[in-house]
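Worksheet: one structure, shown below.
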Amino acid sequence: MKTLRYLSIVAVSLFAMTSCMNDFDAPDLTTPPYGNNNIGEANITIEALKEKFASTISSNSSKQVTEDLIIEGVVVANDATGNVYKQFVINDKTGAIIIGVNDVGLYATMTIGQRVRIDCKGLYVGGYGKMAQVGGLYNGSIGRMNKSVFPEHVRIVGRPDKTQEEMTPLVIGEDYFTDENKDKLAKFVRLENVAIIGADGTEKWAPEELANSSNVVERTVKVGKTDIILRMSTYADFANDVMPAGQLNMNGVLTRFNNFWQFMISSTDDIEQISE
């Protein structure tokens with residue numbers, strides 16, 4: 001009898017547990033678990049935002065956004081490999097812009113191909129080396145926004161999709177490198193038939209012994225007669241890989257530091273070797 005009573009209690013308990021488990025609501029997979037889903041539609045393009053703050057950017061100062069300005073773009077560069085640090089880049093049909101966040105592992109939510117909206121109100125827009133950036137205030141200049149602030153200013157839209165139009169870089173040649181275009185940066189671009197100076201099949205991307213005080217090794221990409229600085233971090237997970245020699249096609253973000261052109265890649269997946 002004791003055994004029968006015990007088995008009855010177990011059966012009732014299992015039935016109760018099953019019933020309780022069935023009472024849970026199914027998860028809502030349509031609502032992103034991160035960010036501010038109350039952010040509305042974009043009301044200004046990235047190019048228009050940069051034009052609106054052009055004097056602030058060019059003077060290397062910063063200004064807080066007091067209007068309801070929302071930009072939307074697709075993530076084209078992030079910190080997944082460590083070559084980009086505490087920032088990511090979004091691109092729309094007019095241009096790209098750097099979003100600075102004082103956090104690491106941004107790639108977990110700011111995945112390449114992910115469409116996002118940024119509510120700029122309360123954030124700062126400014127210039128670092130005359131390079132436009134959205135972020136926070138650091139010692140009176142443009143810097144990265146606090147990581148606790150970021151989720152309130154970003155909305156994830158849909159799922160990552162690398163086939164979106166914004167993922168197609170602008171193909172540029174030497175004729176692109178004018179002062180007028182320098183003021184429109186950043187741009188998500190493709191450099192075709194270029195070479196990395198010094199890449200001989202043995203030279204590594206960013207060995208520590210060649211780094212400056214910022215742990216960066218500056219390589220040079222020559223586009224026609226124009227030299228482009230390729231900034232490589234010693235913290236990149238491919239820093240000690242050998243640079244590809246010969247002619248290359250490279251996708252990345254074209255930026256500036258004052259009067260110098262710069263080029264930024266997220267990973268070696270952005271490079272296609274077409275000849276050795």
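Chain labels follow the order of the structure tokens: the first chain is A, the next B, and so on; residue numbering restarts at 1 in every chain, and ligands are counted from 1 in their shown order.
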
Show me, as a compact mmCIF listing (two decimals) with C-alpha atoms, in the first residue's frame, the residues that have an atom within 8 Å of A:Val134 when counting only C-alpha atoms, minus same-chain residues fewer than 5 positions from it.
```
# COMPACT_ATOMS: atom_id res chain seq x y z
CA ILE A 97 29.08 57.55 -39.52
CA ILE A 98 31.02 56.29 -36.49
CA ILE A 99 29.04 55.52 -33.32
CA GLY A 100 31.26 55.55 -30.23
CA CYS A 120 20.60 61.22 -31.39
CA LEU A 123 23.92 62.43 -27.48
CA TYR A 124 26.79 64.48 -28.90
CA VAL A 125 27.95 64.99 -32.47
CA GLY A 126 31.47 66.20 -33.04
CA ILE A 142 33.68 64.21 -28.68
CA ARG A 144 32.25 57.59 -26.57
```

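Once A:Glu41 and its same-chain neighbours fewer than 4 positions away are set aside, Asn37, Thr45, Asp68, Leu69, Ile70, Ile71, Glu72, Gly73, Val116, Arg117, Ile118, Asp119, Val154, Arg155, Ile156 and Val157 of chain A remain within 12 Å of it when counting only C-alpha atoms.
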
Keeping N, CA and C atoms, export the residues of the selection given above as a PDB file, in the first residue's frame.
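Written out: selection-v1.pdb:
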```pdb
ATOM      1  N   ASN A  37      12.807  49.878 -28.065  1.00  0.00           N
ATOM      2  CA  ASN A  37      11.861  49.611 -29.144  1.00  0.00           C
ATOM      3  C   ASN A  37      10.845  50.726 -29.346  1.00  0.00           C
ATOM      4  N   THR A  45      18.844  61.873 -42.714  1.00  0.00           N
ATOM      5  CA  THR A  45      19.868  60.974 -43.252  1.00  0.00           C
ATOM      6  C   THR A  45      21.196  61.218 -42.542  1.00  0.00           C
ATOM      7  N   ASP A  68      14.823  66.236 -31.954  1.00  0.00           N
ATOM      8  CA  ASP A  68      14.471  64.829 -32.149  1.00  0.00           C
ATOM      9  C   ASP A  68      15.005  64.367 -33.504  1.00  0.00           C
ATOM     10  N   LEU A  69      16.252  63.949 -33.523  1.00  0.00           N
ATOM     11  CA  LEU A  69      16.908  63.518 -34.757  1.00  0.00           C
ATOM     12  C   LEU A  69      17.217  62.028 -34.666  1.00  0.00           C
ATOM     13  N   ILE A  70      16.669  61.267 -35.592  1.00  0.00           N
ATOM     14  CA  ILE A  70      16.858  59.814 -35.613  1.00  0.00           C
ATOM     15  C   ILE A  70      17.458  59.414 -36.956  1.00  0.00           C
ATOM     16  N   ILE A  71      18.590  58.734 -36.902  1.00  0.00           N
ATOM     17  CA  ILE A  71      19.210  58.212 -38.120  1.00  0.00           C
ATOM     18  C   ILE A  71      19.025  56.701 -38.162  1.00  0.00           C
ATOM     19  N   GLU A  72      19.114  56.144 -39.352  1.00  0.00           N
ATOM     20  CA  GLU A  72      18.979  54.697 -39.523  1.00  0.00           C
ATOM     21  C   GLU A  72      20.018  54.230 -40.532  1.00  0.00           C
ATOM     22  N   GLY A  73      20.636  53.109 -40.232  1.00  0.00           N
ATOM     23  CA  GLY A  73      21.614  52.554 -41.151  1.00  0.00           C
ATOM     24  C   GLY A  73      21.890  51.102 -40.843  1.00  0.00           C
ATOM     25  N   VAL A 116      19.892  49.305 -37.750  1.00  0.00           N
ATOM     26  CA  VAL A 116      19.627  49.933 -36.457  1.00  0.00           C
ATOM     27  C   VAL A 116      19.192  51.383 -36.642  1.00  0.00           C
ATOM     28  N   ARG A 117      18.477  51.885 -35.658  1.00  0.00           N
ATOM     29  CA  ARG A 117      18.160  53.304 -35.586  1.00  0.00           C
ATOM     30  C   ARG A 117      18.851  53.890 -34.359  1.00  0.00           C
ATOM     31  N   ILE A 118      19.364  55.088 -34.506  1.00  0.00           N
ATOM     32  CA  ILE A 118      20.021  55.782 -33.408  1.00  0.00           C
ATOM     33  C   ILE A 118      19.250  57.062 -33.116  1.00  0.00           C
ATOM     34  N   ASP A 119      18.725  57.166 -31.904  1.00  0.00           N
ATOM     35  CA  ASP A 119      18.075  58.386 -31.454  1.00  0.00           C
ATOM     36  C   ASP A 119      19.172  59.317 -30.936  1.00  0.00           C
ATOM     37  N   VAL A 154      19.328  53.207 -29.041  1.00  0.00           N
ATOM     38  CA  VAL A 154      19.440  52.334 -30.217  1.00  0.00           C
ATOM     39  C   VAL A 154      18.230  51.420 -30.320  1.00  0.00           C
ATOM     40  N   ARG A 155      17.781  51.236 -31.530  1.00  0.00           N
ATOM     41  CA  ARG A 155      16.714  50.273 -31.806  1.00  0.00           C
ATOM     42  C   ARG A 155      17.168  49.320 -32.889  1.00  0.00           C
ATOM     43  N   ILE A 156      17.043  48.027 -32.618  1.00  0.00           N
ATOM     44  CA  ILE A 156      17.392  47.001 -33.592  1.00  0.00           C
ATOM     45  C   ILE A 156      16.187  46.769 -34.496  1.00  0.00           C
ATOM     46  N   VAL A 157      16.424  46.804 -35.787  1.00  0.00           N
ATOM     47  CA  VAL A 157      15.344  46.664 -36.763  1.00  0.00           C
ATOM     48  C   VAL A 157      15.563  45.390 -37.574  1.00  0.00           C
TER      49      VAL A 157
END
```

* **Non-local contacts of A:Asn181 (12 Å; only C-alpha atoms; under 6 positions in same chain excluded) as an NGL selection string** => :A and (47 or 95 or 172 or 174-175 or 187 or 254-256 or 259 or 261)

Kindly save the residues from that selection, with C-alpha atoms included, as a PDB file, in the first residue's frame.
```pdb
ATOM      1  CA  GLU A  47      24.703  62.954 -44.688  1.00  0.00           C
ATOM      2  CA  GLY A  95      27.014  57.906 -46.209  1.00  0.00           C
ATOM      3  CA  ILE A 172      36.105  54.569 -55.710  1.00  0.00           C
ATOM      4  CA  GLU A 174      42.051  57.968 -57.267  1.00  0.00           C
ATOM      5  CA  ASP A 175      39.773  60.727 -58.565  1.00  0.00           C
ATOM      6  CA  LYS A 187      32.099  56.388 -46.455  1.00  0.00           C
ATOM      7  CA  LEU A 254      37.165  55.492 -45.495  1.00  0.00           C
ATOM      8  CA  THR A 255      37.816  58.071 -42.777  1.00  0.00           C
ATOM      9  CA  ARG A 256      40.199  60.924 -42.079  1.00  0.00           C
ATOM     10  CA  ASN A 259      44.229  66.135 -43.580  1.00  0.00           C
ATOM     11  CA  TRP A 261      43.072  59.849 -45.472  1.00  0.00           C
TER      12      TRP A 261
END
```

* Identify, on the basis of only C-alpha atoms, every residue whose closest approach to stretch 85-88 of chain A does not exceed 6 Å; exclude the query and any residue fewer than 2 positions from it along the same chain; express the result as a ChimeraX atom specification. => /A:77-79,98-104

Using only C-alpha atoms, please write the residues we just selected to a file, as an mmCIF file, in the first residue's frame.
```cif
data_model
loop_
_atom_site.group_PDB
_atom_site.id
_atom_site.type_symbol
_atom_site.label_atom_id
_atom_site.label_comp_id
_atom_site.auth_asym_id
_atom_site.auth_seq_id
_atom_site.Cartn_x
_atom_site.Cartn_y
_atom_site.Cartn_z
ATOM 1 C CA ALA A 77 32.024 47.686 -39.343
ATOM 2 C CA ASN A 78 32.235 46.472 -35.751
ATOM 3 C CA ASP A 79 34.644 45.257 -33.080
ATOM 4 C CA ILE A 98 31.018 56.288 -36.494
ATOM 5 C CA ILE A 99 29.038 55.517 -33.325
ATOM 6 C CA GLY A 100 31.265 55.547 -30.231
ATOM 7 C CA VAL A 101 30.263 53.470 -27.189
ATOM 8 C CA ASN A 102 32.446 52.936 -24.129
ATOM 9 C CA ASP A 103 31.975 49.188 -24.194
ATOM 10 C CA VAL A 104 33.476 46.066 -25.749
#
```

* Apply DSSP to the backbone of this structure and, from stretch 24-168 of chain A, keep only the residues in strand (DSSP E); write these as a count of residues only. => 50

* Asked: If you count only C-alpha atoms, which residues fall within 7 Å of A:Asn91, apart from same-chain ones fewer than 6 positions away, as a list of chain:residue names?
  -> A:Gly73, A:Val74, A:Val75, A:Val76, A:Ile97, A:Glu166, A:Phe188

Got time to write the residues from that selection, C-alpha atoms, as a short mmCIF file (atom, residue, chain, number, x, y, z; two decimals), in the first residue's frame?
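The resulting out15.cif:
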```
data_model
loop_
_atom_site.label_atom_id
_atom_site.label_comp_id
_atom_site.auth_asym_id
_atom_site.auth_seq_id
_atom_site.Cartn_x
_atom_site.Cartn_y
_atom_site.Cartn_z
CA GLY A 73 21.61 52.55 -41.15
CA VAL A 74 23.13 49.11 -41.49
CA VAL A 75 26.20 48.06 -39.49
CA VAL A 76 29.17 47.77 -41.89
CA ILE A 97 29.08 57.55 -39.52
CA GLU A 166 23.58 49.53 -47.67
CA PHE A 188 31.75 52.64 -46.86
#
```

* Which one is closest to A:Lys147: A:Asp92, A:Phe257, A:Ile112, A:Gly35? Count only C-alpha atoms. -> A:Gly35

* Asked: Of the candidates A:Glu152, A:Asp161, A:Asp179, A:Glu67, which one gets nearest to A:Lys121 if we count only C-alpha atoms?
  ->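 Closest to A:Lys121, using only C-alpha atoms: A:Glu67.
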
* Using only C-alpha atoms: which of A:Lys204, A:Lys52, A:Arg190, A:Arg115 has the shortest distance to A:Ala245 ->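 Distance minimum relative to A:Ala245 lands on A:Lys204.
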
* To do: Please provide the set of residues having any atom within 6 Å of stretch 193-197 of chain A, restricted to only C-alpha atoms, with same-chain residues fewer than 6 positions apart removed, written as a ChimeraX atom specification.
  => /A:220-221,223,246-249

Fewer than 4 positions away in the same chain doesn't count, so skip those; otherwise give me all residues within 7 Å of stretch 207-219 of chain A, counting only C-alpha atoms, as a compact mmCIF listing (two decimals) with C-alpha atoms, in the first residue's frame.
```
# COMPACT_ATOMS: atom_id res chain seq x y z
CA ILE A 229 46.79 55.12 -44.03
CA LEU A 230 45.56 51.66 -43.03
CA ARG A 231 45.32 51.62 -39.23
CA MET A 232 45.89 48.18 -37.73
CA SER A 233 45.58 47.37 -34.04
CA THR A 234 47.98 45.05 -32.26
CA ALA A 239 47.54 41.13 -35.98
CA ASN A 240 50.23 38.47 -36.34
```

* To do: Report the distance between atom CA of A:Thr66 and atom CA of A:Gly113 in Å, rounded to one decimal place.
  => 29.1 Å

* Computed interatomic separation between atom CA of A:Asn258 and atom CA of A:Leu106 (Å) -> 26.7 Å
